[in-house]
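> First, the structure itself, so that you have it in front of you.
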Amino acid sequence: MAHNPGIANDRKHPFPHAAPSDPDAPHVRSARVTVDASLDRGPLTRMWESVGFDEINWTYTPTGRNLLHTFGEMTETGYHIRPHYVFCSGNGFGIPHWGNGNVYHEDAEGNPYYDFTIVDQTYDAIVEAGHHVLVELAFTPRELLPDEAADFTVPASPTTYSAYEHGAWSYPPKDYERWGGLVAAHAQHCVERYGIDEVRTWLWELWNEPDIFYWRGTPEQFYELYSVTARAVRSVIADAKVGGPAVTGGGVEFMRGFLAHTLAEADPIDFVSFHTKGSAFRPWREYGPTGGEASAKQNPSAHKMLFEVRRLLRVVAEFEAYHGLPAIVDECDAGVPAHYGFYDNANFAFQNTEYYPVFQVKLMKKLLDLNEAETVQVEQATSWSWYFEGERFFEGTRAFLTAGGIEKPLLNAYRALAELGSNRIEATSDAAHPVSALDDAIATGASMPEEVDVLASRNGTGEDAAVSVLVWRHTDDQYQTDDEPTTVSISIAGLADGEHVLRHRRIDADHSNSHTIWRSLGSPQVPSDEQLTQIRSRQGLEELEPEQRVTASGGTVELTVSLPLPSVSLLTLERA
């Protein structure tokens, strides 16, 4: 085990729980972006092709199925889909931040048996849409609760089912052998239903965030449960991809202990997983007047997220044997929790607006840059977002849809990323904030400032390869506004001489933005059919201007783009 000296200085978190607002922060007035399609930087890791959510029982609703198919249109290989609560006991009725797969049962003699009714509906919906399951093997079924779970009580309430739903499911199972049997039976059922070729593409992960209240046992009990779980999966699928421990961004010591255990026990491990969140607003819920302003202006912090990811990548890098393991950041979100929205705390407003999709595009690029600087690589960065039944229009929850199945601007970030080609190409901006600046920010806890940055790709080789360029303007402050756009000159070299077809699509306040249209109509909570048609007509990824032809001279095209704050432009060039 090789110790990384940087870890000792990284143990304390230097960034606040959320980024403050600074109305006096300077703006970027101009930027120069240079792209060279002839300089190939290798295959582009499509780390954004992964989503997850708490509410497993909303996977297979009509809305959930439609959303899965929407994501299916954005990928050639399928997303990994990670739902919570598959082993929890219950009646199959989902509510925010709760669900259940209801698999494990015991007969009158205490013999285990399994019911895969809900699991089949869940995984069928995922696989039928062309995706793959990230199987989160959690949590403890009611009939496997240990005796000490009886001490976990909650007051009787018409809004709380029982102590089990409230959190007793987070106790370690009382019988690890029966847990292993459950895991093996689950894996066997999946092989029989979906076939070994499909199930080999799945990821099998134990638990969720065991370094906090999701696990009411000791770290050592969790490590032992991982040994049982990984071997149970592998007893059915010899080459299954198993891993964990899905710790929070603060789970440094838990991760270190977990990896030491797996190495000592020669446990199967094919990936490491952990989480990061860009903000935890305080308070989460204000209990103020409906739609009232936040008591303090707070924002997501990309620096906070990059710090947590880098810190945990470096923990893995301490173990030389694990340098080749991919990192799955299977909750990678600007804020927490998912089911709180604008009416809980007005700072959650960003989850309705153009701010969020631009943040996501920026974050994915920074993570790609981080990969180039670190020993261990991020393979997936999962958006822990789905949709919520029963919410108001633009509730402000962390979701891809709002009421009526209307798509929020966030979904267009994924459409834009889907347009990127197979290989990353050289692209730089003289107004970018590089990931190397994280070291300076650690000293002060500063938020990521306003920047103009770029991510570019080409699809295929030769003169006919399409080039895609994402260029954005963003700052980690949803309250920062600017009446003046930034002028960005863009030079795209390495092209074949002659005519090219240029498409320019945009996400900003006025484009690809159903929320702006809804607000312009008076923010109706009972919109008319005509209003719904207007809102839906603007929910997809929109053209900023009509398609045009541009001429490459000397292999180069020169363009000028004006970027409001915040915004992202998608420019695609194909030979005419």
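Residues are referred to by chain and number: the chain letter is A, B, ... according to the order shown in the structure tokens, the number counts from 1 in that chain, and ligands are numbered separately from 1 in the order shown.
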Any chance you could tabulate, as a tab-separated table, the residues of region 171-280 of chain A at most 10 Å from region 96-112 of chain A with each one's nearest atom pair and distance in Å to one decimal, using only C-alpha atoms, in chain and rising number order?

residue	atom	partner	partner_atom	distance
A:Arg178	CA	A:Pro112	CA	7.8
A:Trp179	CA	A:Tyr104	CA	9.3
A:Gly181	CA	A:Pro112	CA	8.8
A:Leu182	CA	A:Tyr104	CA	7.1
A:Ala185	CA	A:Val103	CA	10.0
A:His186	CA	A:Val103	CA	8.5
> Find the nearest atom pair between each residue of region 34-148 of chain A and region 541-565 of chain A for residues within 10 Å, count only C-alpha atoms, give distances in Å to one decimal, sort rows by chain and ascending number, and present the table as JSON lines.

{"residue": "A:Thr34", "atom": "CA", "partner": "A:Glu558", "partner_atom": "CA", "distance": 9.6}
{"residue": "A:Val35", "atom": "CA", "partner": "A:Thr556", "partner_atom": "CA", "distance": 9.4}
{"residue": "A:Asp36", "atom": "CA", "partner": "A:Thr556", "partner_atom": "CA", "distance": 8.7}
{"residue": "A:Ala37", "atom": "CA", "partner": "A:Gly555", "partner_atom": "CA", "distance": 9.6}
{"residue": "A:Ser38", "atom": "CA", "partner": "A:Gly555", "partner_atom": "CA", "distance": 9.8}
> Could you work out how far CA of Ser50 (chain A) lies from CA of Val316 (chain A), giving the answer in Å with one decimal?
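Value for the CA of Val316 (chain A)-CA of Ser50 (chain A) distance: 21.6 Å.
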> Using only C-alpha atoms, find the one residue out of A:Gln534, A:Asn208, A:Thr201, A:Gln298 that sits nearest to Pro83 (chain A).
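The closest residue to Pro83 (chain A) is A:Asn208.
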> Could you state the separation of CA of Thr122 (chain A) and CA of Gln380 (chain A) in Å, given to one decimal place?
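Distance reported for this atom pair: 21.4 Å.
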> Tell me, as a ChimeraX atom specification, which residues lie within 12 Å of Val454 (chain A), counting only C-alpha atoms; anything in the same chain fewer than 4 positions away does not count.
/A:31-36,358,361-366,368-369,424-434,468-474,488-492,568-571
> Could you pull out the strand (DSSP E) residues of region 201-281 of chain A from DSSP and send them as a VMD selection string?
chain A and resid 203 to 206 241 to 247 271 to 277
> Looking only at the backbone, which of the residues in region 215-391 of chain A does DSSP tag as helix (DSSP H, G or I), as a ChimeraX atom specification?
/A:219-236,252-265,302-317,320-322,346-352,355-373
> Which one is closest to Ile328 (chain A): A:Ala418, A:Met305, A:Leu203, A:Ile196? Count only C-alpha atoms.
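Comparing A:Ala418, A:Met305, A:Leu203, A:Ile196 against Ile328 (chain A), the winner is A:Leu203.
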> Which residues come within 10 Å of Ser235 (chain A), counting only C-alpha atoms, excluding same-chain residues fewer than 4 positions away, as a list in words?
Val183, Ala184, Ala187, Gln188, Thr229, Ala230, Arg231, Asp239 and Ala240 of chain A
> Let me make sure I understand: among A:Thr402, A:Gln531, A:Ser422, A:Ser30, which one has the smallest atom-to-atom distance to Pro485 (chain A) if we use only C-alpha atoms?
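Smallest separation from Pro485 (chain A) among the options: A:Ser30.
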> For Asp476 (chain A), work out the shell of residues within 9 Å, counting only C-alpha atoms and skipping chain neighbours fewer than 6 positions away, then give it as number ranges by chain.
A: 19-21, 299-303, 359, 447-450
> Which of these residues is nearest to Pro524 (chain A), using only C-alpha atoms: A:Ile269, A:Ala413, A:Ala403, A:Ala437?
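Once distances to Pro524 (chain A) are computed over only C-alpha atoms, the minimum belongs to A:Ala403.
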